[in-house]
Structure formats: C-alpha cells, structure tokens
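**Q** I am attaching a structure below and will ask some questions about it afterwards.
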Number of protein chains: 2
Amino acid sequence: MTEAVRKAVTPTKAAAAAAPVVYVCITCRRAGEPDSAPRPGALLAAATERAAFGTEVEVRPLRCLANCSRGPSAALPCSGSWTYVFGALDVDCADALVAGARLLAGAADGVLPWRGRPEALKRGLIARVPPIGFEETDA
Amino acid sequence: MTEAVRKAVTPTKAAAAAAPVVYVCITCRRAGEPDSAPRPGALLAAATERAAFGTEVEVRPLRCLANCSRGPSAALPCSGSWTYVFGALDVDCADALVAGARLLAGAADGVLPWRGRPEALKRGLIARVPPIGFEETDA
C-alpha cells in the first residue's frame with residue numbers, strides 16, 4: 001500500500017483538541033467460522049475497553065462497519081484526520097487499537113504514521129477515508 | 001451484510017446543505033493485473049467526472065484509500081453522514097457513484113439507503129465509517 005503522504009488541502013486539525021476514539025463493531029463474526037456468543041467483535045470491544053481504561057481514549061462499540069467478510073473490525077476516527085478501518089482483528093489487538101488512536105490523535109497532518117504504528121494496524125488495514133472537505137491539490 | 005439502521009446518536013445533518021461528493025482513487029490498479037497507464041483508477045475518475053458534468057455532484061480525485069487489493073476504489077463522504085468505501089469498480093460504475101453520492105446527500109438519517117442503491121454500490125461495498133461524533137445508543 002502506498003498511503004502516500006502528499007501535499008494536500010486538509011481541513012485544519014487542532015491536534016491538541018482531537019480526542020482519541022476507537023469504534024469496535026460488536027456484531028462481527030470471524031469469517032468462515034460458525035456463529036458464537038459472545039461474538040468475536042463483542043469480545044474485542046470489551047478487551048479494547050479494558051485496554052483503554054485509565055487513558056484518554058474513548059472506546060465506542062457500534063454495529064456494522066460493513067467489513068463483514070474480513071472482521072472483526074474497528075475504526076479509528078479523529079476530527080480533521082483520515083479515518084482508518086481495520087479487519088481480521090482479535091482480542092490481542094486491543095492494545096494496538098488504543099495505541100493507534102493515540103497516534104492518530106497526535107498526528108498534526110491527520111495521517112496515521114507508519115513508523116511506530118502497531119503491527120496489527122499495518123497488516124490489518126482495510127481502507128482509509130479522508131476528512132470531510134479534503135482535496136488533493138495535485139490530482 | 002447487515003448495515004442495520006438502528007437508533008443511534010448521529011450528529012445533526014442538514015440534508016439540504018450536504019453537497020454530494022465522490023472521491024476516486026487515481027492510483028488504483030486492478031488487483032492481479034499488470035500495471036498500465038493510465039491506471040484504471042484514473043480512468044474511473046475521468047469517467048465519474050464526465051458522469052457528474054452538469055450536476056451538483058463534485059468529483060475529487062485523490063491518492064490511496066488503502067483498498068489497494070480490491071481496487072479500483074471510490075468513497076462517498078457527506079458531512080454528518082456515514083462514509084462509504086467501494087471497490088472492484090470500473091468505468092461502467094461512474095453513473096452509479098454519482099447516483100450514490102446524491103442518494104447519500106439526500107438521506108436525512110445519514111445512511112445510504114439499500115433501496116434504490118445502484119447495484120455496483122451493493123456488491124462493491126468495502127467498509128463504511130460513522131460520522132465524527134457518532135455514538136450507538138444501545139451498544
């Protein structure tokens with residue numbers, strides 16, 4: 001993946017004011033495996049809440065990031081930043097999600113840095129979407 | 001995919017003020033095929049610009065939605081709405097992207113409706129991410 005950091009018009013981001021958030025899909029099953037209760041997504045959400053306990057990171061369980069074929073899924077949003085969707089996660093990725101949310105919140109350019117990014121957030125990237133109002137200046 | 005429409009805290013959306021936008025990745029190749037110039041993503045962007053000509057839909061070419069293994073890729077963002085990422089697109093999907101952007105901009109609940117959604121945007125859905133500030137109320 002290129003994910004090139006390029007000169008671009010990105011809406012102003014007040015890094016200091018950007019709260020780290022992790023969305024975790026609680027309805028995600030593991031692709032190709034029979035249904036189970038609690039679902040792997042719910043277990044991941046609970047593990048991420050435990051990992052975030054005592055930090056400034058907010059974990060928000062939700063239903064369906066539409067990454068159903070490659071779940072469990074989570075997303076890192078941040079006002080003024082790109083939003084990142086990850087898949088093929090498990091409970092062992094909880095710390096990585098919390099670390100990734102903090103890394104994104106601290107990124108002045110709104111791009112989740114590759115350097116220092118937890119391994120689970122390198123191999124599990126599904127897609128990223130630009131902040132509202134983003135325009136590539138030289139495309 | 002469930003993509004359930006549920007009771008949720010969604011930031012206020014002024015549907016009338018939400019401009020339809022299509023982001024198209026111009027660096028996307030077709031997975032498993034040799035590189036070519038212009039790239040399939042650039043061809044899709046040009047086709048989408050032609051399809052949007054004379055409409056209120058704004059087409060914004062960009063680089064890398066990180067959906068590289070399932071491109072060509074496009075995203076439909078809309079202030080206060082969920083953002084949708086699509087893959088496995090080709091130039092024949094240009095009209096569908098323009099129609100989808102208008103459908104999303106007109107959706108008061110910020111969710112791209114299934115009914116009336118172009119076929120290419122049903123089968124090609126990669127992921128969706130909630131608007132900044134979204135909270136599921138019963139998760």
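Residues are named by chain letter and number: chains run A, B, ... in the order of the structure tokens, numbers start at 1 in each chain, and ligands are numbered from 1 in the order shown.
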Compute the set of chain A residues within 9 Å of chain B, using only C-alpha atoms, and express it as an MDAnalysis selection string.

**A** chainID A and resid 1:4 6 23 26 60:69 75 77:79 83:85 125:139

**Q** May I have the residues within 10 Å of stretch 50-56 of chain B as a list of chain:residue names, using only C-alpha atoms and disregarding those fewer than 5 positions away in the same chain?

**A** B:Ala19, B:Pro20, B:Val21, B:Val22, B:Leu44, B:Ala45, B:Cys93, B:Ala94, B:Asp95, B:Ala96, B:Leu97, B:Val98, B:Ala99, B:Ala101, B:Arg102

**Q** Export all heavy atoms of the chosen residues as a CSV table (one decimal), in the first residue's frame?

**A**
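Result written to selection29.csv:
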```csv
chain,number,residue,atom,x,y,z
B,19,ALA,N,-23.4,18.7,0.4
B,19,ALA,CA,-23.1,18.6,-1.0
B,19,ALA,C,-22.7,17.2,-1.4
B,19,ALA,O,-21.9,16.6,-0.6
B,19,ALA,CB,-22.0,19.6,-1.3
B,20,PRO,N,-23.2,16.6,-2.5
B,20,PRO,CA,-22.7,15.3,-2.9
B,20,PRO,C,-21.3,15.3,-3.4
B,20,PRO,O,-21.0,16.1,-4.3
B,20,PRO,CB,-23.7,14.9,-4.0
B,20,PRO,CG,-24.8,15.9,-4.0
B,20,PRO,CD,-24.2,17.2,-3.4
B,21,VAL,N,-20.5,14.4,-2.9
B,21,VAL,CA,-19.1,14.3,-3.3
B,21,VAL,C,-18.7,12.9,-3.6
B,21,VAL,O,-19.2,12.0,-2.9
B,21,VAL,CB,-18.1,14.9,-2.1
B,21,VAL,CG1,-16.7,14.7,-2.5
B,21,VAL,CG2,-18.4,16.4,-1.9
B,22,VAL,N,-17.9,12.7,-4.6
B,22,VAL,CA,-17.3,11.4,-4.8
B,22,VAL,C,-15.8,11.5,-4.8
B,22,VAL,O,-15.2,12.3,-5.6
B,22,VAL,CB,-17.7,10.8,-6.2
B,22,VAL,CG1,-17.2,9.4,-6.4
B,22,VAL,CG2,-19.2,10.8,-6.4
B,44,LEU,N,-11.4,5.7,-14.1
B,44,LEU,CA,-12.7,5.7,-13.4
B,44,LEU,C,-13.0,7.2,-12.9
B,44,LEU,O,-14.1,7.7,-13.0
B,44,LEU,CB,-12.7,4.8,-12.1
B,44,LEU,CG,-13.9,4.9,-11.2
B,44,LEU,CD1,-15.2,4.5,-11.9
B,44,LEU,CD2,-13.7,4.0,-10.0
B,45,ALA,N,-11.9,7.9,-12.5
B,45,ALA,CA,-12.1,9.3,-12.0
B,45,ALA,C,-12.6,10.1,-13.2
B,45,ALA,O,-13.5,10.9,-13.1
B,45,ALA,CB,-10.8,9.8,-11.5
B,93,CYS,N,-19.1,2.0,-13.6
B,93,CYS,CA,-19.7,2.3,-12.3
B,93,CYS,C,-19.8,3.8,-12.1
B,93,CYS,O,-20.2,4.2,-11.0
B,93,CYS,CB,-18.8,1.7,-11.2
B,93,CYS,SG,-18.7,-0.1,-11.3
B,94,ALA,N,-19.3,4.6,-13.1
B,94,ALA,CA,-19.3,6.1,-12.9
B,94,ALA,C,-20.7,6.6,-12.6
B,94,ALA,O,-20.9,7.4,-11.6
B,94,ALA,CB,-18.7,6.7,-14.1
B,95,ASP,N,-21.7,6.2,-13.3
B,95,ASP,CA,-23.0,6.7,-13.1
B,95,ASP,C,-23.5,6.3,-11.7
B,95,ASP,O,-24.2,7.0,-11.0
B,95,ASP,CB,-24.0,6.2,-14.2
B,95,ASP,CG,-23.8,6.9,-15.5
B,95,ASP,OD1,-23.3,8.0,-15.5
B,95,ASP,OD2,-24.1,6.2,-16.6
B,96,ALA,N,-23.2,5.1,-11.3
B,96,ALA,CA,-23.6,4.6,-10.0
B,96,ALA,C,-23.0,5.4,-8.9
B,96,ALA,O,-23.7,5.7,-7.9
B,96,ALA,CB,-23.2,3.1,-9.8
B,97,LEU,N,-21.8,5.8,-9.0
B,97,LEU,CA,-21.1,6.6,-8.0
B,97,LEU,C,-21.8,8.0,-7.9
B,97,LEU,O,-22.1,8.5,-6.8
B,97,LEU,CB,-19.6,6.8,-8.3
B,97,LEU,CG,-18.8,5.6,-8.1
B,97,LEU,CD1,-17.4,5.8,-8.6
B,97,LEU,CD2,-18.7,5.2,-6.6
B,98,VAL,N,-22.1,8.6,-9.0
B,98,VAL,CA,-22.8,9.9,-9.0
B,98,VAL,C,-24.2,9.7,-8.4
B,98,VAL,O,-24.6,10.5,-7.5
B,98,VAL,CB,-22.9,10.5,-10.4
B,98,VAL,CG1,-23.8,11.7,-10.5
B,98,VAL,CG2,-21.5,10.8,-10.9
B,99,ALA,N,-24.9,8.7,-8.8
B,99,ALA,CA,-26.2,8.5,-8.2
B,99,ALA,C,-26.2,8.2,-6.7
B,99,ALA,O,-27.0,8.7,-5.9
B,99,ALA,CB,-26.9,7.3,-8.9
B,101,ALA,N,-23.8,9.2,-4.6
B,101,ALA,CA,-23.5,10.5,-3.9
B,101,ALA,C,-24.8,11.3,-3.6
B,101,ALA,O,-24.9,11.9,-2.6
B,101,ALA,CB,-22.5,11.3,-4.6
B,102,ARG,N,-25.6,11.4,-4.6
B,102,ARG,CA,-26.9,12.2,-4.5
B,102,ARG,C,-27.8,11.5,-3.5
B,102,ARG,O,-28.5,12.2,-2.7
B,102,ARG,CB,-27.5,12.3,-5.9
B,102,ARG,CG,-26.6,13.0,-6.9
B,102,ARG,CD,-27.2,13.0,-8.3
B,102,ARG,NE,-28.0,14.3,-8.4
B,102,ARG,CZ,-28.5,14.7,-9.6
B,102,ARG,NH1,-28.3,13.9,-10.7
B,102,ARG,NH2,-29.1,15.8,-9.7
```

**Q** Would you mind listing what lies within 12 Å of A:Gly116 as a PDB file with N, CA, C and O atoms, in the first residue's frame, with only C-alpha atoms counted and same-chain residues fewer than 2 positions away left out?

**A**
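What follows is the written file around.pdb:
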```pdb
ATOM      1  N   ALA A  96      -3.154  -2.513  20.527  1.00  0.00           N
ATOM      2  CA  ALA A  96      -2.764  -1.851  19.277  1.00  0.00           C
ATOM      3  C   ALA A  96      -3.800  -0.795  18.883  1.00  0.00           C
ATOM      4  O   ALA A  96      -3.439   0.287  18.397  1.00  0.00           O
ATOM      5  N   ALA A  99      -3.325   2.225  21.152  1.00  0.00           N
ATOM      6  CA  ALA A  99      -2.101   2.935  20.759  1.00  0.00           C
ATOM      7  C   ALA A  99      -2.303   3.664  19.432  1.00  0.00           C
ATOM      8  O   ALA A  99      -1.857   4.809  19.258  1.00  0.00           O
ATOM      9  N   GLY A 100      -2.987   3.023  18.495  1.00  0.00           N
ATOM     10  CA  GLY A 100      -3.238   3.646  17.194  1.00  0.00           C
ATOM     11  C   GLY A 100      -4.107   4.886  17.309  1.00  0.00           C
ATOM     12  O   GLY A 100      -3.871   5.892  16.625  1.00  0.00           O
ATOM     13  N   ARG A 102      -4.273   6.912  19.811  1.00  0.00           N
ATOM     14  CA  ARG A 102      -3.459   7.993  20.381  1.00  0.00           C
ATOM     15  C   ARG A 102      -2.477   8.523  19.336  1.00  0.00           C
ATOM     16  O   ARG A 102      -2.212   9.728  19.272  1.00  0.00           O
ATOM     17  N   LEU A 103      -1.955   7.622  18.528  1.00  0.00           N
ATOM     18  CA  LEU A 103      -1.006   8.025  17.483  1.00  0.00           C
ATOM     19  C   LEU A 103      -1.711   8.933  16.470  1.00  0.00           C
ATOM     20  O   LEU A 103      -1.154   9.962  16.047  1.00  0.00           O
ATOM     21  N   LEU A 104      -2.924   8.584  16.087  1.00  0.00           N
ATOM     22  CA  LEU A 104      -3.671   9.385  15.116  1.00  0.00           C
ATOM     23  C   LEU A 104      -4.055  10.746  15.710  1.00  0.00           C
ATOM     24  O   LEU A 104      -3.954  11.776  15.038  1.00  0.00           O
ATOM     25  N   ALA A 107      -1.233  13.121  15.465  1.00  0.00           N
ATOM     26  CA  ALA A 107      -0.628  13.357  14.147  1.00  0.00           C
ATOM     27  C   ALA A 107      -1.122  14.685  13.583  1.00  0.00           C
ATOM     28  O   ALA A 107      -2.282  14.813  13.203  1.00  0.00           O
ATOM     29  N   LEU A 112      -2.232   8.665   9.921  1.00  0.00           N
ATOM     30  CA  LEU A 112      -1.677   7.713  10.882  1.00  0.00           C
ATOM     31  C   LEU A 112      -0.275   7.318  10.434  1.00  0.00           C
ATOM     32  O   LEU A 112      -0.105   6.721   9.369  1.00  0.00           O
ATOM     33  N   PRO A 113       0.736   7.651  11.219  1.00  0.00           N
ATOM     34  CA  PRO A 113       2.107   7.384  10.753  1.00  0.00           C
ATOM     35  C   PRO A 113       2.396   5.893  10.663  1.00  0.00           C
ATOM     36  O   PRO A 113       1.849   5.097  11.422  1.00  0.00           O
ATOM     37  N   TRP A 114       3.202   5.525   9.689  1.00  0.00           N
ATOM     38  CA  TRP A 114       3.624   4.125   9.531  1.00  0.00           C
ATOM     39  C   TRP A 114       4.643   3.776  10.600  1.00  0.00           C
ATOM     40  O   TRP A 114       4.570   2.728  11.225  1.00  0.00           O
ATOM     41  N   PRO A 118       1.405   0.153  15.396  1.00  0.00           N
ATOM     42  CA  PRO A 118       1.435  -1.249  15.829  1.00  0.00           C
ATOM     43  C   PRO A 118       1.266  -2.205  14.642  1.00  0.00           C
ATOM     44  O   PRO A 118       0.544  -1.903  13.696  1.00  0.00           O
ATOM     45  N   GLU A 119       1.928  -3.359  14.715  1.00  0.00           N
ATOM     46  CA  GLU A 119       1.923  -4.323  13.604  1.00  0.00           C
ATOM     47  C   GLU A 119       0.507  -4.697  13.174  1.00  0.00           C
ATOM     48  O   GLU A 119       0.239  -4.827  11.980  1.00  0.00           O
ATOM     49  N   ALA A 120      -0.391  -4.872  14.131  1.00  0.00           N
ATOM     50  CA  ALA A 120      -1.760  -5.290  13.799  1.00  0.00           C
ATOM     51  C   ALA A 120      -2.463  -4.238  12.945  1.00  0.00           C
ATOM     52  O   ALA A 120      -3.378  -4.560  12.188  1.00  0.00           O
ATOM     53  N   LEU A 121      -2.017  -2.993  13.059  1.00  0.00           N
ATOM     54  CA  LEU A 121      -2.633  -1.909  12.287  1.00  0.00           C
ATOM     55  C   LEU A 121      -1.885  -1.672  10.979  1.00  0.00           C
ATOM     56  O   LEU A 121      -2.276  -0.820  10.181  1.00  0.00           O
ATOM     57  N   LYS A 122      -0.820  -2.418  10.782  1.00  0.00           N
ATOM     58  CA  LYS A 122      -0.164  -2.403   9.464  1.00  0.00           C
ATOM     59  C   LYS A 122      -0.778  -3.487   8.580  1.00  0.00           C
ATOM     60  O   LYS A 122      -1.244  -3.221   7.482  1.00  0.00           O
TER      61      LYS A 122
END
```

**Q** Based on the backbone DSSP call, show me all residues of chain A assigned strand (DSSP E or B), as a PyMOL selection string.

**A** chain A and resi 8-9+21-25+58-62+74-76+83-86+125-129+135-136

**Q** Keeping only C-alpha atoms, write the selected residues to a file as a PDB file, in the first residue's frame.

**A**
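The resulting selection.pdb:
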```
ATOM      1  CA  ALA A   8      -2.981  18.246   0.081  1.00  0.00           C
ATOM      2  CA  VAL A   9      -5.702  20.516   1.351  1.00  0.00           C
ATOM      3  CA  VAL A  21     -11.602   7.296  19.729  1.00  0.00           C
ATOM      4  CA  VAL A  22     -11.848   3.620  18.767  1.00  0.00           C
ATOM      5  CA  TYR A  23     -15.011   2.258  17.189  1.00  0.00           C
ATOM      6  CA  VAL A  24     -15.334  -1.503  17.525  1.00  0.00           C
ATOM      7  CA  CYS A  25     -18.020  -3.475  15.707  1.00  0.00           C
ATOM      8  CA  GLU A  58     -12.740   6.549  24.281  1.00  0.00           C
ATOM      9  CA  VAL A  59     -13.990   3.169  23.039  1.00  0.00           C
ATOM     10  CA  ARG A  60     -17.350   3.217  21.294  1.00  0.00           C
ATOM     11  CA  PRO A  61     -18.970  -0.098  20.404  1.00  0.00           C
ATOM     12  CA  LEU A  62     -21.174   0.050  17.324  1.00  0.00           C
ATOM     13  CA  ALA A  74     -12.586  -1.498  14.180  1.00  0.00           C
ATOM     14  CA  ALA A  75     -12.183   2.085  13.010  1.00  0.00           C
ATOM     15  CA  LEU A  76     -10.061   4.954  14.212  1.00  0.00           C
ATOM     16  CA  THR A  83     -10.339   7.632   9.333  1.00  0.00           C
ATOM     17  CA  TYR A  84      -8.818   4.140   9.284  1.00  0.00           C
ATOM     18  CA  VAL A  85     -10.687   0.828   9.129  1.00  0.00           C
ATOM     19  CA  PHE A  86      -9.002  -2.374  10.258  1.00  0.00           C
ATOM     20  CA  LEU A 125      -5.680  -2.138   7.157  1.00  0.00           C
ATOM     21  CA  ILE A 126      -8.907  -2.391   5.141  1.00  0.00           C
ATOM     22  CA  ALA A 127      -9.413   1.179   3.954  1.00  0.00           C
ATOM     23  CA  ARG A 128      -8.980   4.792   4.936  1.00  0.00           C
ATOM     24  CA  VAL A 129     -11.188   7.756   4.140  1.00  0.00           C
ATOM     25  CA  GLU A 135      -8.997  17.969  -1.516  1.00  0.00           C
ATOM     26  CA  GLU A 136      -5.880  16.607  -3.168  1.00  0.00           C
TER      27      GLU A 136
END
```

**Q** Give me, please, the distance in Å between atom CA of A:Arg39 and atom CA of A:Asp90, quoted to one decimal.

**A** 10.9 Å

**Q** Once DSSP has gone over the backbone, tell me which residues of stretch 38-136 of chain B are in helix (DSSP H, G or I), as a VMD selection string.

**A** chain B and resid 40 to 52 68 to 70 91 to 105 120 to 123

**Q** Rank A:Val57, A:Arg123, A:Ala47, A:Ala18 by their smallest atom-to-atom distance to A:Gly87, using only C-alpha atoms, and report the top residue only.

**A**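 Closest to A:Gly87, using only C-alpha atoms: A:Arg123.
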
**Q** Kindly give the distance, in Å, that separates atom CA of A:Ser81 and atom CA of A:Cys28, rounded to a single decimal.

**A**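 Taking atom CA of A:Ser81 and atom CA of A:Cys28, their separation equals 25.0 Å.
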